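Novice: So that you have it, the file is coords-v5.cif, and it contains mmCIF, N, CA and C atoms:
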```cif
data_work
#
loop_
_atom_site.label_atom_id
_atom_site.label_comp_id
_atom_site.auth_asym_id
_atom_site.auth_seq_id
_atom_site.Cartn_x
_atom_site.Cartn_y
_atom_site.Cartn_z
N MET A 25 133.25 133.73 -81.70
CA MET A 25 132.67 134.16 -82.95
C MET A 25 131.23 133.64 -83.05
N LEU A 26 130.49 134.25 -83.94
CA LEU A 26 129.11 133.81 -84.13
C LEU A 26 129.06 132.56 -84.98
N ASP A 27 128.13 131.69 -84.67
CA ASP A 27 127.89 130.47 -85.45
C ASP A 27 126.58 130.68 -86.20
N LEU A 28 126.66 131.00 -87.49
CA LEU A 28 125.48 131.36 -88.27
C LEU A 28 124.61 130.17 -88.64
N THR A 29 124.92 129.00 -88.11
CA THR A 29 123.99 127.86 -88.24
C THR A 29 123.00 127.86 -87.08
N LYS A 30 123.20 128.74 -86.10
CA LYS A 30 122.30 128.84 -84.95
C LYS A 30 121.42 130.08 -85.09
N GLU A 31 120.13 129.89 -84.90
CA GLU A 31 119.15 130.97 -85.07
C GLU A 31 119.48 132.18 -84.19
N HIS A 32 119.87 131.92 -82.95
CA HIS A 32 120.21 133.00 -82.02
C HIS A 32 121.35 133.85 -82.57
N ASP A 33 122.41 133.22 -83.08
CA ASP A 33 123.56 133.94 -83.62
C ASP A 33 123.21 134.66 -84.92
N VAL A 34 122.33 134.07 -85.72
CA VAL A 34 121.88 134.74 -86.95
C VAL A 34 121.18 136.05 -86.58
N HIS A 35 120.36 136.00 -85.52
CA HIS A 35 119.67 137.20 -85.06
C HIS A 35 120.67 138.28 -84.62
N VAL A 36 121.68 137.88 -83.87
CA VAL A 36 122.72 138.84 -83.44
C VAL A 36 123.40 139.45 -84.66
N ASP A 37 123.78 138.63 -85.63
CA ASP A 37 124.42 139.10 -86.85
C ASP A 37 123.52 140.10 -87.59
N GLN A 38 122.24 139.79 -87.70
CA GLN A 38 121.30 140.69 -88.39
C GLN A 38 121.18 142.03 -87.68
N ARG A 39 121.12 142.00 -86.36
CA ARG A 39 121.05 143.26 -85.60
C ARG A 39 122.31 144.08 -85.79
N LEU A 40 123.48 143.40 -85.79
CA LEU A 40 124.73 144.13 -85.98
C LEU A 40 124.82 144.74 -87.38
N ARG A 41 124.19 144.13 -88.34
CA ARG A 41 124.20 144.67 -89.71
C ARG A 41 123.18 145.78 -89.91
N SER A 42 122.06 145.74 -89.18
CA SER A 42 120.98 146.68 -89.46
C SER A 42 120.85 147.83 -88.46
N ASP A 43 121.18 147.62 -87.20
CA ASP A 43 121.03 148.71 -86.23
C ASP A 43 121.95 149.86 -86.61
N LEU A 44 121.49 151.07 -86.37
CA LEU A 44 122.26 152.25 -86.76
C LEU A 44 123.18 152.77 -85.65
N ILE A 45 122.84 152.50 -84.42
CA ILE A 45 123.61 153.03 -83.29
C ILE A 45 124.06 151.88 -82.40
N ILE A 46 125.31 151.94 -81.98
CA ILE A 46 125.82 151.02 -80.96
C ILE A 46 126.47 151.89 -79.89
N TRP A 47 126.36 151.45 -78.64
CA TRP A 47 126.96 152.18 -77.52
C TRP A 47 128.34 151.63 -77.26
N LEU A 48 129.34 152.49 -77.34
CA LEU A 48 130.74 152.12 -77.14
C LEU A 48 131.17 152.59 -75.75
N THR A 49 131.73 151.66 -74.98
CA THR A 49 132.27 152.00 -73.67
C THR A 49 133.78 151.76 -73.69
N THR A 50 134.52 152.81 -73.39
CA THR A 50 135.97 152.74 -73.24
C THR A 50 136.29 153.04 -71.78
N VAL A 51 137.56 152.91 -71.41
CA VAL A 51 137.97 153.10 -70.02
C VAL A 51 138.93 154.27 -69.93
N ARG A 52 138.60 155.24 -69.11
CA ARG A 52 139.48 156.39 -68.88
C ARG A 52 140.72 155.97 -68.10
N SER A 53 141.73 156.80 -68.12
CA SER A 53 142.98 156.47 -67.43
C SER A 53 142.80 156.29 -65.93
N ASP A 54 141.76 156.92 -65.36
CA ASP A 54 141.51 156.75 -63.92
C ASP A 54 140.56 155.58 -63.63
N GLY A 55 140.21 154.80 -64.68
CA GLY A 55 139.38 153.61 -64.50
C GLY A 55 137.89 153.84 -64.69
N ARG A 56 137.47 155.10 -64.82
CA ARG A 56 136.04 155.36 -65.02
C ARG A 56 135.63 155.00 -66.44
N PRO A 57 134.43 154.44 -66.62
CA PRO A 57 133.95 154.14 -67.97
C PRO A 57 133.50 155.41 -68.69
N HIS A 58 133.59 155.37 -69.99
CA HIS A 58 133.14 156.46 -70.87
C HIS A 58 132.27 155.81 -71.94
N THR A 59 130.98 156.10 -71.95
CA THR A 59 130.04 155.46 -72.86
C THR A 59 129.40 156.50 -73.78
N ILE A 60 129.43 156.20 -75.09
CA ILE A 60 128.85 157.11 -76.08
C ILE A 60 128.20 156.32 -77.21
N PRO A 61 127.17 156.89 -77.85
CA PRO A 61 126.58 156.25 -79.03
C PRO A 61 127.42 156.58 -80.26
N VAL A 62 127.63 155.57 -81.12
CA VAL A 62 128.42 155.78 -82.34
C VAL A 62 127.77 155.04 -83.51
N TRP A 63 128.08 155.52 -84.71
CA TRP A 63 127.76 154.78 -85.93
C TRP A 63 128.80 153.69 -86.09
N PHE A 64 128.43 152.59 -86.79
CA PHE A 64 129.35 151.47 -86.92
C PHE A 64 128.96 150.61 -88.10
N SER A 65 129.90 149.79 -88.52
CA SER A 65 129.57 148.75 -89.50
C SER A 65 130.16 147.43 -89.02
N TRP A 66 129.47 146.36 -89.35
CA TRP A 66 129.84 145.00 -88.96
C TRP A 66 130.09 144.21 -90.22
N ASP A 67 131.25 143.59 -90.34
CA ASP A 67 131.58 142.81 -91.53
C ASP A 67 131.47 141.30 -91.30
N GLY A 68 130.92 140.91 -90.18
CA GLY A 68 130.81 139.51 -89.84
C GLY A 68 131.89 139.04 -88.90
N GLN A 69 132.95 139.85 -88.75
CA GLN A 69 134.05 139.49 -87.85
C GLN A 69 134.50 140.64 -86.97
N THR A 70 134.46 141.85 -87.51
CA THR A 70 134.90 143.02 -86.74
C THR A 70 133.92 144.16 -86.93
N ILE A 71 134.02 145.12 -86.03
CA ILE A 71 133.20 146.33 -86.09
C ILE A 71 134.11 147.51 -86.41
N LEU A 72 133.67 148.33 -87.34
CA LEU A 72 134.41 149.53 -87.70
C LEU A 72 133.64 150.75 -87.21
N ILE A 73 134.34 151.62 -86.52
CA ILE A 73 133.79 152.88 -86.00
C ILE A 73 134.69 153.99 -86.51
N LEU A 74 134.09 155.08 -86.96
CA LEU A 74 134.86 156.24 -87.39
C LEU A 74 134.75 157.32 -86.32
N SER A 75 135.87 157.94 -86.00
CA SER A 75 135.90 158.93 -84.92
C SER A 75 136.67 160.16 -85.33
N GLN A 76 136.29 161.27 -84.74
CA GLN A 76 137.15 162.43 -84.83
C GLN A 76 138.41 162.08 -84.03
N PRO A 77 139.57 162.59 -84.43
CA PRO A 77 140.82 162.12 -83.83
C PRO A 77 141.10 162.58 -82.40
N ASN A 78 140.57 163.69 -81.97
CA ASN A 78 140.92 164.23 -80.65
C ASN A 78 139.74 164.14 -79.70
N THR A 79 139.26 162.92 -79.48
CA THR A 79 138.11 162.72 -78.60
C THR A 79 138.52 161.90 -77.38
N GLN A 80 137.65 161.90 -76.39
CA GLN A 80 137.91 161.14 -75.17
C GLN A 80 138.08 159.66 -75.47
N LYS A 81 137.25 159.12 -76.36
CA LYS A 81 137.35 157.68 -76.64
C LYS A 81 138.69 157.33 -77.26
N ILE A 82 139.24 158.19 -78.10
CA ILE A 82 140.54 157.93 -78.71
C ILE A 82 141.64 158.00 -77.65
N ARG A 83 141.57 158.99 -76.79
CA ARG A 83 142.56 159.08 -75.70
C ARG A 83 142.47 157.83 -74.82
N ASN A 84 141.27 157.37 -74.53
CA ASN A 84 141.10 156.18 -73.71
C ASN A 84 141.70 154.95 -74.40
N LEU A 85 141.44 154.80 -75.69
CA LEU A 85 141.90 153.61 -76.42
C LEU A 85 143.42 153.58 -76.56
N ARG A 86 144.06 154.73 -76.54
CA ARG A 86 145.52 154.75 -76.62
C ARG A 86 146.16 154.06 -75.41
N SER A 87 145.48 154.11 -74.26
CA SER A 87 146.05 153.49 -73.07
C SER A 87 145.38 152.17 -72.69
N ASN A 88 144.17 151.92 -73.18
CA ASN A 88 143.48 150.68 -72.83
C ASN A 88 142.56 150.29 -73.99
N PRO A 89 142.89 149.22 -74.71
CA PRO A 89 142.10 148.83 -75.88
C PRO A 89 140.84 148.02 -75.57
N ASN A 90 140.59 147.73 -74.31
CA ASN A 90 139.42 146.93 -73.95
C ASN A 90 138.15 147.77 -74.02
N VAL A 91 137.12 147.22 -74.67
CA VAL A 91 135.86 147.94 -74.85
C VAL A 91 134.68 147.00 -74.66
N THR A 92 133.53 147.60 -74.44
CA THR A 92 132.27 146.89 -74.60
C THR A 92 131.43 147.69 -75.56
N LEU A 93 130.58 146.98 -76.28
CA LEU A 93 129.65 147.58 -77.22
C LEU A 93 128.27 147.03 -76.91
N ALA A 94 127.24 147.86 -77.00
CA ALA A 94 125.89 147.40 -76.69
C ALA A 94 124.89 147.98 -77.69
N LEU A 95 124.02 147.10 -78.16
CA LEU A 95 122.91 147.54 -79.00
C LEU A 95 121.72 147.83 -78.11
N ASP A 96 121.00 148.88 -78.42
CA ASP A 96 119.80 149.21 -77.66
C ASP A 96 118.87 148.00 -77.63
N GLY A 97 118.31 147.74 -76.47
CA GLY A 97 117.34 146.67 -76.36
C GLY A 97 115.99 147.13 -76.89
N THR A 98 115.20 146.19 -77.29
CA THR A 98 113.83 146.48 -77.70
C THR A 98 112.90 145.67 -76.82
N ASP A 99 111.63 145.98 -76.87
CA ASP A 99 110.64 145.24 -76.09
C ASP A 99 111.01 145.18 -74.61
N GLU A 100 111.28 146.35 -74.04
CA GLU A 100 111.58 146.48 -72.62
C GLU A 100 112.72 145.56 -72.17
N GLY A 101 113.81 145.55 -72.96
CA GLY A 101 114.98 144.77 -72.59
C GLY A 101 114.97 143.35 -73.08
N GLY A 102 114.04 143.01 -73.96
CA GLY A 102 113.94 141.64 -74.44
C GLY A 102 114.86 141.29 -75.58
N ASP A 103 115.67 142.24 -76.03
CA ASP A 103 116.57 141.97 -77.17
C ASP A 103 117.85 142.78 -76.99
N VAL A 104 118.62 142.43 -75.99
CA VAL A 104 119.84 143.15 -75.66
C VAL A 104 121.03 142.37 -76.19
N ILE A 105 121.96 143.08 -76.82
CA ILE A 105 123.18 142.45 -77.34
C ILE A 105 124.37 143.27 -76.86
N VAL A 106 125.30 142.59 -76.18
CA VAL A 106 126.52 143.22 -75.66
C VAL A 106 127.71 142.46 -76.22
N LEU A 107 128.72 143.18 -76.64
CA LEU A 107 129.96 142.56 -77.10
C LEU A 107 131.09 143.08 -76.24
N GLU A 108 131.99 142.19 -75.88
CA GLU A 108 133.26 142.59 -75.28
C GLU A 108 134.31 142.42 -76.35
N GLY A 109 135.31 143.30 -76.37
CA GLY A 109 136.33 143.16 -77.40
C GLY A 109 137.53 144.04 -77.17
N ARG A 110 138.40 144.00 -78.16
CA ARG A 110 139.62 144.81 -78.15
C ARG A 110 139.60 145.72 -79.36
N ALA A 111 139.92 146.97 -79.12
CA ALA A 111 139.90 147.98 -80.17
C ALA A 111 141.31 148.26 -80.66
N GLU A 112 141.40 148.57 -81.93
CA GLU A 112 142.66 148.94 -82.56
C GLU A 112 142.44 150.26 -83.30
N LEU A 113 143.32 151.22 -83.04
CA LEU A 113 143.30 152.47 -83.79
C LEU A 113 144.06 152.21 -85.09
N LEU A 114 143.34 152.26 -86.21
CA LEU A 114 143.98 151.96 -87.49
C LEU A 114 144.92 153.08 -87.89
N LYS A 115 146.00 152.71 -88.52
CA LYS A 115 146.99 153.71 -88.97
C LYS A 115 146.49 154.46 -90.21
N GLU A 116 145.72 153.76 -91.06
CA GLU A 116 145.14 154.43 -92.22
C GLU A 116 144.08 155.42 -91.74
N ASN A 117 143.97 156.54 -92.43
CA ASN A 117 142.86 157.42 -92.07
C ASN A 117 141.64 157.00 -92.88
N THR A 118 140.50 157.53 -92.50
CA THR A 118 139.23 157.12 -93.10
C THR A 118 139.23 157.28 -94.61
N ILE A 119 139.82 158.35 -95.13
CA ILE A 119 139.82 158.60 -96.57
C ILE A 119 140.57 157.50 -97.31
N GLU A 120 141.57 156.89 -96.69
CA GLU A 120 142.36 155.84 -97.33
C GLU A 120 141.64 154.50 -97.37
N LEU A 121 140.58 154.34 -96.58
CA LEU A 121 139.84 153.09 -96.54
C LEU A 121 138.72 153.11 -97.56
N ASN A 122 138.38 151.95 -98.10
CA ASN A 122 137.27 151.83 -99.03
C ASN A 122 136.03 151.46 -98.21
N LEU A 123 135.11 152.40 -98.02
CA LEU A 123 134.00 152.21 -97.10
C LEU A 123 132.62 152.42 -97.73
N PRO A 124 132.36 151.90 -98.93
CA PRO A 124 131.05 152.16 -99.53
C PRO A 124 129.90 151.59 -98.69
N GLY A 125 130.08 150.44 -98.06
CA GLY A 125 129.04 149.85 -97.24
C GLY A 125 128.71 150.70 -96.03
N TYR A 126 129.73 151.26 -95.41
CA TYR A 126 129.53 152.11 -94.24
C TYR A 126 128.69 153.34 -94.62
N PHE A 127 129.08 154.01 -95.68
CA PHE A 127 128.37 155.22 -96.07
C PHE A 127 127.00 154.91 -96.66
N ALA A 128 126.82 153.74 -97.27
CA ALA A 128 125.50 153.33 -97.76
C ALA A 128 124.56 153.11 -96.58
N LYS A 129 125.06 152.49 -95.51
CA LYS A 129 124.24 152.23 -94.32
C LYS A 129 123.68 153.53 -93.74
N TYR A 130 124.47 154.58 -93.79
CA TYR A 130 124.08 155.85 -93.18
C TYR A 130 123.69 156.92 -94.20
N SER A 131 123.39 156.52 -95.42
CA SER A 131 123.10 157.50 -96.47
C SER A 131 121.93 158.41 -96.10
N ALA A 132 120.85 157.87 -95.54
CA ALA A 132 119.70 158.70 -95.17
C ALA A 132 120.10 159.71 -94.09
N SER A 133 120.84 159.27 -93.09
CA SER A 133 121.28 160.17 -92.02
C SER A 133 122.22 161.24 -92.55
N ILE A 134 123.11 160.85 -93.45
CA ILE A 134 124.05 161.81 -94.04
C ILE A 134 123.30 162.85 -94.87
N GLN A 135 122.29 162.41 -95.61
CA GLN A 135 121.48 163.36 -96.39
C GLN A 135 120.73 164.31 -95.47
N GLU A 136 120.18 163.80 -94.36
CA GLU A 136 119.47 164.66 -93.40
C GLU A 136 120.41 165.71 -92.82
N MET A 137 121.67 165.37 -92.67
CA MET A 137 122.66 166.30 -92.14
C MET A 137 123.12 167.28 -93.22
N ASP A 138 122.70 167.05 -94.46
CA ASP A 138 123.12 167.86 -95.61
C ASP A 138 124.65 167.90 -95.68
N GLU A 139 125.23 166.70 -95.58
CA GLU A 139 126.68 166.54 -95.54
C GLU A 139 127.11 165.58 -96.64
N ALA A 140 128.31 165.75 -97.14
CA ALA A 140 128.87 164.83 -98.13
C ALA A 140 129.69 163.77 -97.40
N PRO A 141 129.63 162.51 -97.86
CA PRO A 141 130.44 161.47 -97.21
C PRO A 141 131.92 161.84 -97.13
N GLU A 142 132.43 162.51 -98.15
CA GLU A 142 133.85 162.89 -98.16
C GLU A 142 134.17 163.84 -97.01
N ASN A 143 133.25 164.75 -96.71
CA ASN A 143 133.46 165.68 -95.60
C ASN A 143 133.44 164.96 -94.26
N LEU A 144 132.53 164.00 -94.13
CA LEU A 144 132.49 163.22 -92.90
C LEU A 144 133.77 162.41 -92.74
N ALA A 145 134.26 161.85 -93.84
CA ALA A 145 135.50 161.06 -93.79
C ALA A 145 136.67 161.92 -93.36
N GLN A 146 136.68 163.18 -93.77
CA GLN A 146 137.76 164.07 -93.35
C GLN A 146 137.65 164.43 -91.88
N SER A 147 136.44 164.67 -91.40
CA SER A 147 136.24 165.03 -90.01
C SER A 147 136.41 163.83 -89.08
N TYR A 148 135.84 162.70 -89.49
CA TYR A 148 135.92 161.46 -88.70
C TYR A 148 137.04 160.60 -89.27
N SER A 149 138.24 161.11 -89.15
CA SER A 149 139.39 160.56 -89.88
C SER A 149 140.10 159.41 -89.15
N GLN A 150 139.72 159.13 -87.90
CA GLN A 150 140.38 158.05 -87.15
C GLN A 150 139.48 156.82 -87.10
N PRO A 151 139.80 155.81 -87.92
CA PRO A 151 139.02 154.56 -87.84
C PRO A 151 139.46 153.71 -86.66
N ILE A 152 138.46 153.04 -86.07
CA ILE A 152 138.68 152.13 -84.95
C ILE A 152 138.12 150.77 -85.38
N ARG A 153 138.92 149.73 -85.25
CA ARG A 153 138.44 148.38 -85.53
C ARG A 153 138.35 147.63 -84.21
N VAL A 154 137.16 147.10 -83.93
CA VAL A 154 136.94 146.32 -82.71
C VAL A 154 136.77 144.85 -83.10
N THR A 155 137.58 144.02 -82.48
CA THR A 155 137.46 142.58 -82.66
C THR A 155 136.76 142.01 -81.42
N PRO A 156 135.54 141.50 -81.60
CA PRO A 156 134.82 140.96 -80.45
C PRO A 156 135.52 139.72 -79.89
N THR A 157 135.54 139.62 -78.57
CA THR A 157 136.08 138.44 -77.90
C THR A 157 134.98 137.66 -77.20
N ARG A 158 133.82 138.32 -77.02
CA ARG A 158 132.70 137.67 -76.34
C ARG A 158 131.40 138.34 -76.75
N PHE A 159 130.37 137.53 -77.01
CA PHE A 159 129.02 138.02 -77.31
C PHE A 159 128.11 137.61 -76.16
N ILE A 160 127.32 138.57 -75.69
CA ILE A 160 126.34 138.30 -74.65
C ILE A 160 125.01 138.82 -75.19
N ALA A 161 124.02 137.95 -75.29
CA ALA A 161 122.74 138.38 -75.86
C ALA A 161 121.58 137.78 -75.10
N TRP A 162 120.57 138.61 -74.91
CA TRP A 162 119.29 138.17 -74.35
C TRP A 162 118.26 138.42 -75.41
N HIS A 163 117.71 137.35 -75.94
CA HIS A 163 116.73 137.47 -77.02
C HIS A 163 115.54 136.58 -76.69
N GLU A 164 114.38 137.20 -76.61
CA GLU A 164 113.16 136.42 -76.31
C GLU A 164 112.51 135.97 -77.60
#
```
Here is the file; what I need is its structure written in the form of structure tokens.

Specialist:
Amino acid sequence: MLDLTKEHDVHVDQRLRSDLIIWLTTVRSDGRPHTIPVWFSWDGQTILILSQPNTQKIRNLRSNPNVTLALDGTDEGGDVIVLEGRAELLKENTIELNLPGYFAKYSASIQEMDEAPENLAQSYSQPIRVTPTRFIAWHE
């Protein structure tokens, strides 16, 4: 877990709260990695990702919950953050969860898409919760 008394960990926490895209890597049944950019929210302990239910990442997670997540580096790789963790497909669908923070984080993007949060919640109805087991960060 992050130790928010340490400047380095505070920086990681801030990036997880403010960055809009994180790269999720799951493992296919044949062992090949599958990496995609996703929206996410960080609550200080876990990461929540919303997914459409019939996607490759969901099929992968049903057989292997191990994932890595990576934030885009800045300054030519001088600020890279990678998390290793375990994913859980939540039984509740997105509409059943109270997610005002998630939709507030992406309000500008949702408006640009001319979409209502309720419609996104219906389409991206499979929530995924990732519990980090390891943080790897390079910060200059």

Novice: One decimal, Å: what's the distance from atom C of Gly109 (chain A) over to atom C of Thr92 (chain A), could you say?

Specialist: 7.3 Å

Novice: Contacts of region 139-154 of chain A at 6 Å or less, counting only N, CA and C atoms, minus same-chain residues fewer than 4 places along, as a ChimeraX atom specification?

Specialist: /A:70-77,109-114,116-119,134-135

Novice: Point out the residue among A:Thr50, A:Gln69, A:Thr29, A:Thr157 with the least atom-to-atom distance to Asn90 (chain A), counting all atoms listed in the file.

Specialist: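 Closest to Asn90 (chain A), using all atoms listed in the file: A:Thr50.
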
Novice: Nearest to Asn88 (chain A) among A:Val51, A:Leu107, A:Ile45, A:Ile60, with distances taken over only N, CA and C atoms: which residue is it?

Specialist: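 Of the candidates, the smallest distance to Asn88 (chain A) is held by A:Val51.
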
Novice: Let's see if you can do this: from backbone DSSP, list all strand (DSSP E or B) residues in chain A, as a ChimeraX atom specification.

Specialist: /A:46-51,57-62,65-66,71-75,90-95,103-113,150-163

Novice: Measuring atom to atom with only N, CA and C atoms, identify which of A:Ile160, A:Ile46, A:Leu26, A:Val36 is nearest to Leu95 (chain A).

Specialist: A:Ile46

Novice: In Å to one decimal, how far is atom C of Asp27 (chain A) from atom N of Trp66 (chain A)?

Specialist: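 Going from atom N of Trp66 (chain A) over to atom C of Asp27 (chain A) covers 16.3 Å.
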
Novice: For the atom pair CA of Tyr126 (chain A) and CA of Thr79 (chain A), what is the interatomic distance in Å to one decimal place?

Specialist: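 Between these atoms lies a distance of 20.8 Å.
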
Novice: Just checking: using only C-alpha atoms, which residue out of A:Leu40, A:Ala161, A:Val34, A:Met25 ends up closest to Gly102 (chain A)?

Specialist: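 Checking each candidate against Gly102 (chain A), we get A:Ala161 as the closest.
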